[in-house]
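Here the structure comes first, spelled out in structure tokens, and everything after it is commentary.
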Amino acid sequence: MSEIGLLLTPARIAGRVGELAREIERDYAGRSPLLVGILKGSVPFMADLVREIRLPLRLDFISISSYGSGARAGVVRILKDLDESIAGEDVVLVEDIIDTGLTVTYLLANLRARGPASLEVCALLDKSVRRIIEVPIRYKGFDIPDEFVVGYGLDHDGLYRNLRGIVGVRDAGSLDGDIGSLADAITGAG
Ligand code: IMP
């Protein structure tokens, strides 16, 4: 467990999610934004965020997979596209974490080509030291250091998304699939 440290408690996340919701409420007052979540990492964040926003909003989801590294880094394949057209809509793209920025940059270009009235990014976490391409993050939850993190939607090999807090792991290899002890550590920390 020494390799693993609690970065964000559930209470801290909830507090910040509430603040982001207030900002979105204020900025989109009188409008009906469409929040687009990137599957699967944005699911817990999206679920909490939308329940704090008192606006007539709608939801959609897009699922992508990254093709690769090196020269092909940032090339993204759409596995599940949006259900509806976003032409003329006020779109907020909701992401769990911006790391190199390549994924969101690709998605922003793709979505912008569909003619939304506006398009902004809402990201829970910003690992800005790793940035390769500048990303305009309109709504940002937390800046985090260059550490691999899991929990609250973020995964390692598909696991740990269901943790209520976010933990940093120095070495992802030290994760052994024991979700119970991580969940206990998060609960114990309040
Ligand atoms: P980017 O294209 O490098 O910005 O990658 C963003 C994606 O990489 C996120 O949506 C995550 O799926 C994944 N990712 C980046 N850093 C982490 C991390 O620390 N933990 C889990 N997933 C991460």
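Just so we're on the same page: first chain in the structure tokens is A, next is B, and so on; residues restart at 1 for each chain, and ligands are numbered from 1 in the order they show up.
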Where does DSSP see alpha helix (DSSP H) in chain A, if you list the residues as a ChimeraX atom specification? /A:10-27,43-50,102-112,179-188
Write a file of the just-selected residues containing N, CA and C atoms, as a compact mmCIF listing (two decimals), in the first residue's frame.
```txt
# COMPACT_ATOMS: atom_id res chain seq x y z
N PRO A 10 -13.67 11.43 -1.38
CA PRO A 10 -15.01 11.63 -1.95
C PRO A 10 -15.57 13.01 -1.59
N ALA A 11 -15.32 13.47 -0.36
CA ALA A 11 -15.87 14.76 0.06
C ALA A 11 -15.26 15.91 -0.75
N ARG A 12 -13.97 15.82 -1.00
CA ARG A 12 -13.32 16.88 -1.79
C ARG A 12 -13.82 16.89 -3.22
N ILE A 13 -13.98 15.71 -3.76
CA ILE A 13 -14.50 15.62 -5.14
C ILE A 13 -15.91 16.21 -5.18
N ALA A 14 -16.75 15.80 -4.23
CA ALA A 14 -18.13 16.27 -4.23
C ALA A 14 -18.20 17.79 -4.12
N GLY A 15 -17.33 18.35 -3.27
CA GLY A 15 -17.31 19.80 -3.10
C GLY A 15 -16.96 20.52 -4.39
N ARG A 16 -15.95 20.02 -5.07
CA ARG A 16 -15.51 20.66 -6.31
C ARG A 16 -16.52 20.45 -7.44
N VAL A 17 -17.13 19.28 -7.48
CA VAL A 17 -18.14 19.00 -8.51
C VAL A 17 -19.30 19.99 -8.35
N GLY A 18 -19.66 20.26 -7.10
CA GLY A 18 -20.72 21.23 -6.84
C GLY A 18 -20.35 22.62 -7.34
N GLU A 19 -19.08 22.99 -7.12
CA GLU A 19 -18.63 24.31 -7.59
C GLU A 19 -18.66 24.39 -9.12
N LEU A 20 -18.21 23.34 -9.77
CA LEU A 20 -18.24 23.33 -11.24
C LEU A 20 -19.68 23.43 -11.74
N ALA A 21 -20.57 22.74 -11.07
CA ALA A 21 -21.98 22.78 -11.46
C ALA A 21 -22.53 24.21 -11.36
N ARG A 22 -22.16 24.92 -10.29
CA ARG A 22 -22.63 26.30 -10.12
C ARG A 22 -22.12 27.17 -11.28
N GLU A 23 -20.84 26.97 -11.67
CA GLU A 23 -20.28 27.74 -12.78
C GLU A 23 -21.04 27.47 -14.07
N ILE A 24 -21.31 26.21 -14.32
CA ILE A 24 -22.01 25.84 -15.55
C ILE A 24 -23.42 26.42 -15.54
N GLU A 25 -24.07 26.33 -14.38
CA GLU A 25 -25.41 26.90 -14.22
C GLU A 25 -25.44 28.38 -14.58
N ARG A 26 -24.45 29.08 -14.06
CA ARG A 26 -24.37 30.52 -14.28
C ARG A 26 -24.10 30.82 -15.76
N ASP A 27 -23.14 30.12 -16.35
CA ASP A 27 -22.75 30.40 -17.73
C ASP A 27 -23.83 30.02 -18.75
N VAL A 43 -18.13 8.56 -16.51
CA VAL A 43 -19.46 8.19 -16.00
C VAL A 43 -19.74 8.65 -14.56
N PRO A 44 -18.88 8.33 -13.56
CA PRO A 44 -19.18 8.80 -12.21
C PRO A 44 -19.21 10.33 -12.11
N PHE A 45 -18.25 10.98 -12.74
CA PHE A 45 -18.19 12.45 -12.73
C PHE A 45 -19.45 13.03 -13.36
N MET A 46 -19.82 12.53 -14.51
CA MET A 46 -21.01 13.01 -15.21
C MET A 46 -22.26 12.83 -14.35
N ALA A 47 -22.38 11.65 -13.74
CA ALA A 47 -23.57 11.35 -12.94
C ALA A 47 -23.69 12.32 -11.77
N ASP A 48 -22.59 12.63 -11.11
CA ASP A 48 -22.63 13.55 -9.98
C ASP A 48 -22.82 14.99 -10.45
N LEU A 49 -22.11 15.36 -11.51
CA LEU A 49 -22.17 16.74 -12.01
C LEU A 49 -23.59 17.13 -12.43
N VAL A 50 -24.22 16.31 -13.25
CA VAL A 50 -25.53 16.71 -13.78
C VAL A 50 -26.59 16.81 -12.70
N LEU A 102 -4.13 14.91 -26.35
CA LEU A 102 -4.33 14.45 -27.73
C LEU A 102 -5.77 13.97 -27.96
N THR A 103 -6.30 13.22 -27.02
CA THR A 103 -7.65 12.66 -27.20
C THR A 103 -8.69 13.77 -27.32
N VAL A 104 -8.64 14.69 -26.39
CA VAL A 104 -9.66 15.73 -26.38
C VAL A 104 -9.48 16.68 -27.58
N THR A 105 -8.26 16.88 -28.00
CA THR A 105 -8.02 17.73 -29.17
C THR A 105 -8.65 17.11 -30.41
N TYR A 106 -8.48 15.81 -30.56
CA TYR A 106 -9.10 15.12 -31.70
C TYR A 106 -10.62 15.25 -31.61
N LEU A 107 -11.17 15.00 -30.43
CA LEU A 107 -12.62 15.04 -30.28
C LEU A 107 -13.18 16.44 -30.51
N LEU A 108 -12.48 17.45 -30.03
CA LEU A 108 -12.95 18.82 -30.22
C LEU A 108 -13.04 19.15 -31.71
N ALA A 109 -12.03 18.75 -32.48
CA ALA A 109 -12.05 19.01 -33.92
C ALA A 109 -13.21 18.27 -34.58
N ASN A 110 -13.38 17.03 -34.17
CA ASN A 110 -14.45 16.20 -34.73
C ASN A 110 -15.82 16.80 -34.43
N LEU A 111 -16.02 17.22 -33.17
CA LEU A 111 -17.33 17.76 -32.77
C LEU A 111 -17.56 19.15 -33.37
N ARG A 112 -16.49 19.95 -33.44
CA ARG A 112 -16.63 21.30 -33.98
C ARG A 112 -17.11 21.25 -35.43
N ILE A 179 -9.64 -4.33 -4.72
CA ILE A 179 -10.40 -3.09 -4.64
C ILE A 179 -10.87 -2.83 -3.21
N GLY A 180 -11.06 -3.90 -2.43
CA GLY A 180 -11.58 -3.76 -1.07
C GLY A 180 -10.68 -2.94 -0.18
N SER A 181 -9.36 -3.20 -0.22
CA SER A 181 -8.47 -2.47 0.68
C SER A 181 -8.34 -1.01 0.25
N LEU A 182 -8.41 -0.77 -1.06
CA LEU A 182 -8.38 0.62 -1.52
C LEU A 182 -9.64 1.35 -1.09
N ALA A 183 -10.77 0.68 -1.25
CA ALA A 183 -12.05 1.28 -0.83
C ALA A 183 -12.05 1.58 0.66
N ASP A 184 -11.48 0.66 1.45
CA ASP A 184 -11.40 0.86 2.91
C ASP A 184 -10.51 2.06 3.23
N ALA A 185 -9.38 2.17 2.53
CA ALA A 185 -8.46 3.29 2.78
C ALA A 185 -9.16 4.62 2.47
N ILE A 186 -9.93 4.64 1.42
CA ILE A 186 -10.65 5.87 1.04
C ILE A 186 -11.73 6.18 2.08
N THR A 187 -12.47 5.18 2.48
CA THR A 187 -13.53 5.38 3.47
C THR A 187 -12.93 5.84 4.80
N GLY A 188 -11.81 5.19 5.19
CA GLY A 188 -11.16 5.53 6.45
C GLY A 188 -10.68 6.96 6.49
```
When you look at Asp146 (chain A) with a cut-off of 9 Å (counting only C-alpha atoms), what residues show up, excluding the ones that are within fewer than 2 positions of it in the same chain? I need them as a PDB file with N, CA, C and O atoms, in the first residue's frame.
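The result, stored in selection_0.pdb:
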```
ATOM      1  N   ASP A  99      -4.590  14.468 -20.137  1.00  0.00           N
ATOM      2  CA  ASP A  99      -3.200  14.071 -19.904  1.00  0.00           C
ATOM      3  C   ASP A  99      -2.345  14.733 -20.986  1.00  0.00           C
ATOM      4  O   ASP A  99      -1.999  15.907 -20.863  1.00  0.00           O
ATOM      5  N   LYS A 127      -3.684  16.840 -15.761  1.00  0.00           N
ATOM      6  CA  LYS A 127      -2.291  16.439 -15.506  1.00  0.00           C
ATOM      7  C   LYS A 127      -1.432  17.246 -16.481  1.00  0.00           C
ATOM      8  O   LYS A 127      -0.866  16.715 -17.433  1.00  0.00           O
ATOM      9  N   SER A 128      -1.324  18.547 -16.204  1.00  0.00           N
ATOM     10  CA  SER A 128      -0.816  19.466 -17.228  1.00  0.00           C
ATOM     11  C   SER A 128       0.673  19.285 -17.547  1.00  0.00           C
ATOM     12  O   SER A 128       1.111  19.646 -18.635  1.00  0.00           O
ATOM     13  N   VAL A 129       1.430  18.706 -16.615  1.00  0.00           N
ATOM     14  CA  VAL A 129       2.861  18.525 -16.908  1.00  0.00           C
ATOM     15  C   VAL A 129       3.088  17.576 -18.082  1.00  0.00           C
ATOM     16  O   VAL A 129       4.142  17.591 -18.698  1.00  0.00           O
ATOM     17  N   ARG A 130       2.097  16.777 -18.401  1.00  0.00           N
ATOM     18  CA  ARG A 130       2.234  15.801 -19.481  1.00  0.00           C
ATOM     19  C   ARG A 130       1.717  16.325 -20.821  1.00  0.00           C
ATOM     20  O   ARG A 130       1.730  15.624 -21.825  1.00  0.00           O
ATOM     21  N   ILE A 144      -3.466  17.919 -11.049  1.00  0.00           N
ATOM     22  CA  ILE A 144      -2.809  16.828 -10.316  1.00  0.00           C
ATOM     23  C   ILE A 144      -1.383  16.654 -10.832  1.00  0.00           C
ATOM     24  O   ILE A 144      -1.072  17.008 -11.970  1.00  0.00           O
ATOM     25  N   PHE A 148       0.110   8.268 -11.991  1.00  0.00           N
ATOM     26  CA  PHE A 148      -1.007   7.503 -12.538  1.00  0.00           C
ATOM     27  C   PHE A 148      -2.088   7.425 -11.467  1.00  0.00           C
ATOM     28  O   PHE A 148      -1.804   7.117 -10.304  1.00  0.00           O
TER      29      PHE A 148
END
```
Please identify every polymer residue within 7 Å of ligand 1, using only C-alpha atoms and all ligand atoms, and present the set as a list in words. Gly41, Gly74, Glu95, Asp96, Ile97, Ile98, Asp99, Thr100, Gly101, Leu102, Thr103, Val104, Glu147, Phe148, Val149, Val150, Leu154, Asp155 and His156 of chain A
Include C-alpha atoms and write out the residues we just selected as a PDB file, in the first residue's frame.
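Output file again_38.pdb follows:
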```
ATOM      1  CA  GLY A  41     -14.119   7.259 -17.525  1.00  0.00           C
ATOM      2  CA  GLY A  74      -3.745  11.033 -30.796  1.00  0.00           C
ATOM      3  CA  GLU A  95     -13.848  14.152 -19.570  1.00  0.00           C
ATOM      4  CA  ASP A  96     -12.291  12.454 -16.551  1.00  0.00           C
ATOM      5  CA  ILE A  97      -8.689  13.551 -17.136  1.00  0.00           C
ATOM      6  CA  ILE A  98      -6.679  15.530 -19.649  1.00  0.00           C
ATOM      7  CA  ASP A  99      -3.200  14.071 -19.904  1.00  0.00           C
ATOM      8  CA  THR A 100      -1.291  14.694 -23.154  1.00  0.00           C
ATOM      9  CA  GLY A 101      -4.372  16.469 -24.521  1.00  0.00           C
ATOM     10  CA  LEU A 102      -4.331  14.448 -27.727  1.00  0.00           C
ATOM     11  CA  THR A 103      -7.648  12.661 -27.199  1.00  0.00           C
ATOM     12  CA  VAL A 104      -9.660  15.732 -26.383  1.00  0.00           C
ATOM     13  CA  GLU A 147       1.177  10.333 -11.264  1.00  0.00           C
ATOM     14  CA  PHE A 148      -1.007   7.503 -12.538  1.00  0.00           C
ATOM     15  CA  VAL A 149      -4.386   7.750 -10.851  1.00  0.00           C
ATOM     16  CA  VAL A 150      -7.352   5.421 -10.499  1.00  0.00           C
ATOM     17  CA  LEU A 154     -10.353   6.306 -13.880  1.00  0.00           C
ATOM     18  CA  ASP A 155      -9.161   2.793 -14.537  1.00  0.00           C
ATOM     19  CA  HIS A 156      -6.210   0.499 -14.806  1.00  0.00           C
TER      20      HIS A 156
END
```
Check the smallest atom-to-atom distance from each of A:Gly153, A:Ala113, A:Phe142, A:Glu84 to Asp126 (chain A) using only C-alpha atoms, then report the winner.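 Of A:Gly153, A:Ala113, A:Phe142, A:Glu84, the one nearest Asp126 (chain A), counting only C-alpha atoms, is A:Phe142.
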Please, what distance in Å, to one decimal, runs between CA of Leu163 (chain A) and CA of Leu59 (chain A)?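 Rounded to one decimal, the two atoms are 23.0 Å apart.
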State, in Å with one decimal place, the distance from CA of Leu159 (chain A) to CA of Leu124 (chain A).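 Interatomic distance here is 18.7 Å.
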Give me, please, the distance in Å between CA of Ile38 (chain A) and CA of Tyr139 (chain A), quoted to one decimal. 15.3 Å
With only C-alpha atoms as the atoms that count, which of A:Val121, A:Ile64, A:Ile137, A:Leu34 lies nearest to Ser85 (chain A)?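 Going through A:Val121, A:Ile64, A:Ile137, A:Leu34 one by one, the smallest distance to Ser85 (chain A) is for A:Leu34.
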